[in-house]
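Everything on this sheet refers to the single structure shown next.
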Amino acid sequence: MADLVCVICPGGCRLSAGDAIGGRGVAGARCPRGMEFARSEMGAPSRVFTGTVRVSGGALPVVPVRTNKPIGRGLLSECSRVLAGLTVSAPVGTGQVLLPDVLGTGADVIATCSVEAARRGC
Amino acid sequence: MRRSRADVVVIGAGPAGLAAASAAREVGARRVVVLERDERAGGILPQCVHTGFGLRRYGRDLAGPEYAGLELARALKSGAEVRLDCCALRLEPGGGVRRPNAVVAVSPAGLEEIRAPSVVLAMGCRERPAGSLGIPGSRVAGVMTAGTAQRLINIAGIMPGRKAVVLGSGDVGLIVARRLALEGATVAGVFEAVAWAGGLPRNVSQCLCDFGIPLFLGHTVAEVHGRARLEGVTVCEVGRDMRPVRSTAREIACDTLLLSVGLIPENELSREAGVPISPATGGPLVDECGASLTPGVYACGNAVYVHDFVDDVTTEGEIAGAAAARFALGESGDRRRDGCKMFFREGRNVRFVSPAFVRLGRGRAWPSLALRSRRPAANVTPVFRWEGGQCSGPDLEFVNPGETIRLNLPVEVRGLIESDTRRDVTVEVSLESQ
């Protein structure tokens with residue numbers, strides 16, 4: 001048995017998941033997404049990566065980013081290291097793909113905010 | 001000084017203020033002005049680069065900047081004026097539609113005064129600062145609130161340090177601990193004086209457990225060391241008297257100490273204007289529509305009480321903005337305090353209840369109550385008590401000080417409001433274990 005807190009939505013259900021992975025092995029979920037979360041946690045946990053990427057020539061030095069779908073939990077730090085070596089040029093638009101298929105996960109790293117180009121002369 | 005008139009002035013362009021402004025325009029207010037002292041709208045959201053926003057409202061798991069972008073776009077589309085770099089300095093309550101409130105603000109263009117029948121207070125909250133803790137040691141660099149570190153990393157692109165200790169287990173501290181770990185810094189631990197985490201369980205799980213960051217409950221930072229820059233901290237267990245137990249002291253080398261020891265609604269402006277403030281929440285006493293006890297003055301969002309989720313802030317902002325607009329248009333009667341029907345008071349194991357009172361004018365919906373418990377407890381029955389009676393609400397499996405509880409008003413309490421139209425009723429709400 002494992003005790004988990006569902007992180008899918010603000011509800012924060014306390015889940016118990018048994019060794020028998022499957023719908024009946026999960027207790028405490030108030031919705032199907034919680035059941036799915038518990039199953040995934042018992043097998044291959046995944047999370048949406050969030051962070052920032054450096055911007056050159058922008059009004060701000062960094063742009064906030066996320067992956068457009070969850071990636072393996074064990075890849076979060078590796079993903080951060082990859083993005084530390086990336087610099088994008090301003091302007092950047094919300095939703096713009098900054099790095100496709102990060103670490104071969106099939107997930108794209110997208111900007112979650114726009115950054116305008118810096119005004120010249122200042 | 002420039003002078004102008006508006007129907008509704010909103011103070012603060014965070015999610016609460018933007019929602020209030022949009023809703024005010026949508027119900028027919030003509031000129032709605034939002035005053036924002038920062039150079040961008042969105043309040044705290046632009047620095048909250050993590051996801052978890054918008055699940056309830058939009059059914060999507062958005063990052064903070066994305067949520068802010070949607071709300072700003074909606075406010076601008078509604079026709080509200082969003083004034084950036086414009087700081088509200090003073091509110092002078094007027095007392096009704098014929099004697100509007102005055103808001104004095106300053107911007108690079110100079111001083112200005114805007115008169116409006118309705119003002120919505122949406123200033124949000126601030127972090128409890130280092131000075132309020134009185135930790136012994138010198139005033140070294142590297143001691144800051146978790147939110148300051150979050151802004152440095154996510155907006156300015158600057159790492160505040162390489163090895164951090166977090167004091168307090170509020171949500172901001174947990175989220176920034178994860179952010180530091182992801183950026184390659186070491187987080188030696190999160191130290192929390194009480195026996196439970198201050199933040200949401202889901203944040204303890206996904207921010208600390210996922211990254212192997214230890215949480216030390218019943219611990220505190222007793223001393224800071226270093227001359228110019230922080231070099232280390234002394235941590236201790238906390239005794240039953242809530243004082244550090246010196247015999248348990250140990251030193252941790254670190255260059256950064258982050259504080260996540262509570263959020264306080266920001267209400268200097270409200271206090272100076274004489275708007276009655278709840279000692280329990282630190283925010284204005286409001287009814288189910290966000291109307292304060294000062295006519296024409298409304299409040300919403302974290303300026304009223306600290307919310308768990310931005311989705312709820314948006315919903316409450318819309319309710320307050322719509323009510324403010326109706327008042328400005330002369331369509332509602334929030335102008336007298338004798339409309340109050342029921343006051344809620346904090347009983348056993350309840351830190352605060354919001355709204356503080358209900359007015360229930362025509363066409364208003366029954367509100368739900370937002371509560372926070374003082375201590376964690378299991379198998380709890382909410383109890384409503386008034387002079388001559390009591391009833392209980394639905395049982396709760398557990399209550400946790402870090403999570404807001406939402407309760408619908410039991411039928412008995414609703415009946416009390418409806419039957420007794422002449423007398424004010426005070427209801428005490430308690431969260432008691434069975």
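Ligands are numbered from 1 in the order shown, residues from 1 within each chain, and chains are lettered A, B, ... in the order they appear in the structure tokens.
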### Task
Could you list, as a list in words, the residues of chain A having an atom within 7 Å of chain B when counting only C-alpha atoms?
Val5, Cys6, Val7, Cys9, Gly12, Thr50, Gly51, Thr52, Pro61, Val62, Pro64, Ser77, Ser80, Thr112 and Cys113 of chain A
Selection file, N, CA and C atoms, as a JSON list (two decimals), in the first residue's frame:
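Okay, part36.json is ready:
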[["chain", "number", "residue", "atom", "x", "y", "z"],
["A", 5, "VAL", "N", -0.77, 11.93, -2.20],
["A", 5, "VAL", "CA", -1.67, 13.08, -2.32],
["A", 5, "VAL", "C", -1.79, 13.36, -3.80],
["A", 6, "CYS", "N", -2.99, 13.37, -4.30],
["A", 6, "CYS", "CA", -3.20, 13.64, -5.72],
["A", 6, "CYS", "C", -2.83, 15.09, -6.01],
["A", 7, "VAL", "N", -1.99, 15.31, -7.02],
["A", 7, "VAL", "CA", -1.56, 16.67, -7.35],
["A", 7, "VAL", "C", -2.18, 17.15, -8.66],
["A", 9, "CYS", "N", -5.36, 18.21, -9.26],
["A", 9, "CYS", "CA", -6.19, 19.42, -9.15],
["A", 9, "CYS", "C", -6.13, 19.95, -7.72],
["A", 12, "GLY", "N", -6.71, 17.99, -3.97],
["A", 12, "GLY", "CA", -5.70, 17.35, -3.12],
["A", 12, "GLY", "C", -6.19, 16.10, -2.41],
["A", 50, "THR", "N", 8.16, 23.03, -15.14],
["A", 50, "THR", "CA", 8.06, 24.48, -15.28],
["A", 50, "THR", "C", 9.38, 25.12, -14.87],
["A", 51, "GLY", "N", 9.71, 26.22, -15.51],
["A", 51, "GLY", "CA", 10.95, 26.93, -15.19],
["A", 51, "GLY", "C", 11.07, 28.18, -16.04],
["A", 52, "THR", "N", 12.30, 28.57, -16.30],
["A", 52, "THR", "CA", 12.54, 29.76, -17.12],
["A", 52, "THR", "C", 13.65, 29.47, -18.12],
["A", 61, "PRO", "N", 15.05, 39.49, -18.81],
["A", 61, "PRO", "CA", 16.16, 38.58, -19.08],
["A", 61, "PRO", "C", 15.76, 37.12, -19.23],
["A", 62, "VAL", "N", 14.58, 36.74, -18.71],
["A", 62, "VAL", "CA", 14.15, 35.34, -18.81],
["A", 62, "VAL", "C", 12.67, 35.28, -19.20],
["A", 64, "PRO", "N", 9.24, 32.67, -18.71],
["A", 64, "PRO", "CA", 8.75, 31.46, -18.06],
["A", 64, "PRO", "C", 8.30, 30.42, -19.09],
["A", 77, "SER", "N", 15.05, 17.25, -13.47],
["A", 77, "SER", "CA", 16.34, 17.94, -13.27],
["A", 77, "SER", "C", 17.14, 17.97, -14.57],
["A", 80, "SER", "N", 15.85, 20.62, -16.74],
["A", 80, "SER", "CA", 16.30, 21.93, -16.28],
["A", 80, "SER", "C", 17.73, 22.20, -16.76],
["A", 112, "THR", "N", 5.25, 30.57, -21.50],
["A", 112, "THR", "CA", 3.95, 30.81, -20.87],
["A", 112, "THR", "C", 3.68, 32.30, -20.73],
["A", 113, "CYS", "N", 4.55, 33.12, -21.33],
["A", 113, "CYS", "CA", 4.38, 34.58, -21.25],
["A", 113, "CYS", "C", 5.10, 35.15, -22.46]]
### Task
Select, from A:Ala38, A:Leu86, A:Ile110, A:Leu99, the residue with the minimum atom-to-atom distance to Ser56 in chain A, counting only C-alpha atoms.
A:Leu86
### Task
Give me the residues within 9 Å of range 7-9 of chain B as number ranges by chain, counting only C-alpha atoms and dropping any in the same chain fewer than 6 places off.
B: 21, 24, 29-35, 103, 114-121, 321, 324-325, 328-329
### Task
Pull the strand (DSSP E or B) assignments for range 12-97 of chain A out of DSSP run on the backbone, and list those residues as a list in words.
Arg14, Leu15, Ser16, Ala17, Val26, Ala27, Ser46, Arg47, Thr50, Gly51, Thr52, Val53, Arg54, Val55, Ser56, Gly58, Val62, Val63, Pro64, Val65, Arg66, Thr67, Ile71, Gly72, Thr87, Val88, Ser89, Val92 and Val97 of chain A
### Task
Point out the residue among A:Ser40, A:Thr105, A:Gln96, A:Ser89 with the least atom-to-atom distance to Gly58 in chain A, counting only C-alpha atoms.
A:Ser89
For Ile405 in chain B, list every protein, DNA or RNA residue within 7 Å, evaluated using only C-alpha atoms, and leave out those in the same chain fewer than 4 positions away; present the list as a tab-separated table (two decimals) with N, CA, C and O atoms, in the first residue's frame.
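For reference, part.tsv as written:
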chain	number	residue	atom	x	y	z
B	370	ALA	N	-16.11	30.27	3.85
B	370	ALA	CA	-14.73	29.80	3.79
B	370	ALA	C	-14.17	29.86	5.20
B	370	ALA	O	-14.32	30.87	5.89
B	371	LEU	N	-13.59	28.76	5.66
B	371	LEU	CA	-13.04	28.70	7.02
B	371	LEU	C	-11.64	28.13	7.00
B	371	LEU	O	-11.28	27.38	6.10
B	372	ARG	N	-10.87	28.47	8.01
B	372	ARG	CA	-9.60	27.79	8.25
B	372	ARG	C	-9.59	27.31	9.69
B	372	ARG	O	-10.04	28.02	10.59
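Our summary of the geometry notes that CA of Pro10 in chain A is positioned 14.3 Å from CA of Asn400 in chain B.
If you measure from each of B:Ala249, B:Leu409, B:Ala322, B:Leu167 to Gly28 in chain B using only C-alpha atoms, the closest one turns out to be B:Ala322.
Computed from the coordinates, the CA of Asp108 in chain A to CA of Arg178 in chain B distance equals 21.2 Å.
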### Members of range 26-107 of chain A assigned alpha helix (DSSP H) by DSSP, as a VMD selection string
chain A and resid 32 to 42 76 to 84
Could those selected residues go to a file with C-alpha atoms, as an mmCIF file, in the first residue's frame?
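The resulting file, out.cif, is reproduced below:
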data_model
loop_
_atom_site.group_PDB
_atom_site.id
_atom_site.type_symbol
_atom_site.label_atom_id
_atom_site.label_comp_id
_atom_site.auth_asym_id
_atom_site.auth_seq_id
_atom_site.Cartn_x
_atom_site.Cartn_y
_atom_site.Cartn_z
ATOM 1 C CA PRO A 32 -11.296 9.326 -12.490
ATOM 2 C CA ARG A 33 -8.244 11.564 -12.914
ATOM 3 C CA GLY A 34 -7.236 10.679 -9.354
ATOM 4 C CA MET A 35 -7.473 6.973 -10.166
ATOM 5 C CA GLU A 36 -5.304 7.558 -13.211
ATOM 6 C CA PHE A 37 -2.828 9.606 -11.151
ATOM 7 C CA ALA A 38 -2.481 6.846 -8.545
ATOM 8 C CA ARG A 39 -1.891 4.252 -11.244
ATOM 9 C CA SER A 40 0.741 6.432 -12.872
ATOM 10 C CA GLU A 41 2.449 7.120 -9.508
ATOM 11 C CA MET A 42 2.730 3.400 -8.835
ATOM 12 C CA LEU A 76 12.783 17.059 -14.358
ATOM 13 C CA SER A 77 16.337 17.937 -13.272
ATOM 14 C CA GLU A 78 17.782 16.788 -16.608
ATOM 15 C CA CYS A 79 15.238 18.962 -18.406
ATOM 16 C CA SER A 80 16.304 21.928 -16.276
ATOM 17 C CA ARG A 81 19.968 21.317 -17.195
ATOM 18 C CA VAL A 82 19.117 21.218 -20.906
ATOM 19 C CA LEU A 83 17.197 24.495 -20.651
ATOM 20 C CA ALA A 84 20.059 26.145 -18.737
#
### Task
Please provide as a VMD selection string all residues within 8 Å of range 82-84 of chain B, with the sequence filter that same-chain residues fewer than 6 positions apart are discarded (counting only C-alpha atoms).
chain B and resid 13 33 to 41 76
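The residue set within 7 Å of Thr220 in chain B, counting only C-alpha atoms and dropping same-chain residues fewer than 4 places from it, reads Leu167, Phe191, Glu192, Ala193, Val235, Cys236, Glu237, Val238 and Pro244 of chain B.
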Keeping only C-alpha atoms, write those residues as a PDB file, in the first residue's frame.
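Just written: selection.pdb:
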ATOM      1  CA  LEU B 167      12.025  28.656   7.514  1.00  0.00           C
ATOM      2  CA  PHE B 191      11.924  23.993   9.048  1.00  0.00           C
ATOM      3  CA  GLU B 192       8.453  24.461  10.512  1.00  0.00           C
ATOM      4  CA  ALA B 193       7.837  25.411  14.140  1.00  0.00           C
ATOM      5  CA  VAL B 235      18.351  25.147  13.907  1.00  0.00           C
ATOM      6  CA  CYS B 236      16.634  23.778  17.016  1.00  0.00           C
ATOM      7  CA  GLU B 237      13.665  21.719  17.998  1.00  0.00           C
ATOM      8  CA  VAL B 238      10.763  23.706  19.408  1.00  0.00           C
ATOM      9  CA  PRO B 244      13.755  26.764  20.838  1.00  0.00           C
TER      10      PRO B 244
END
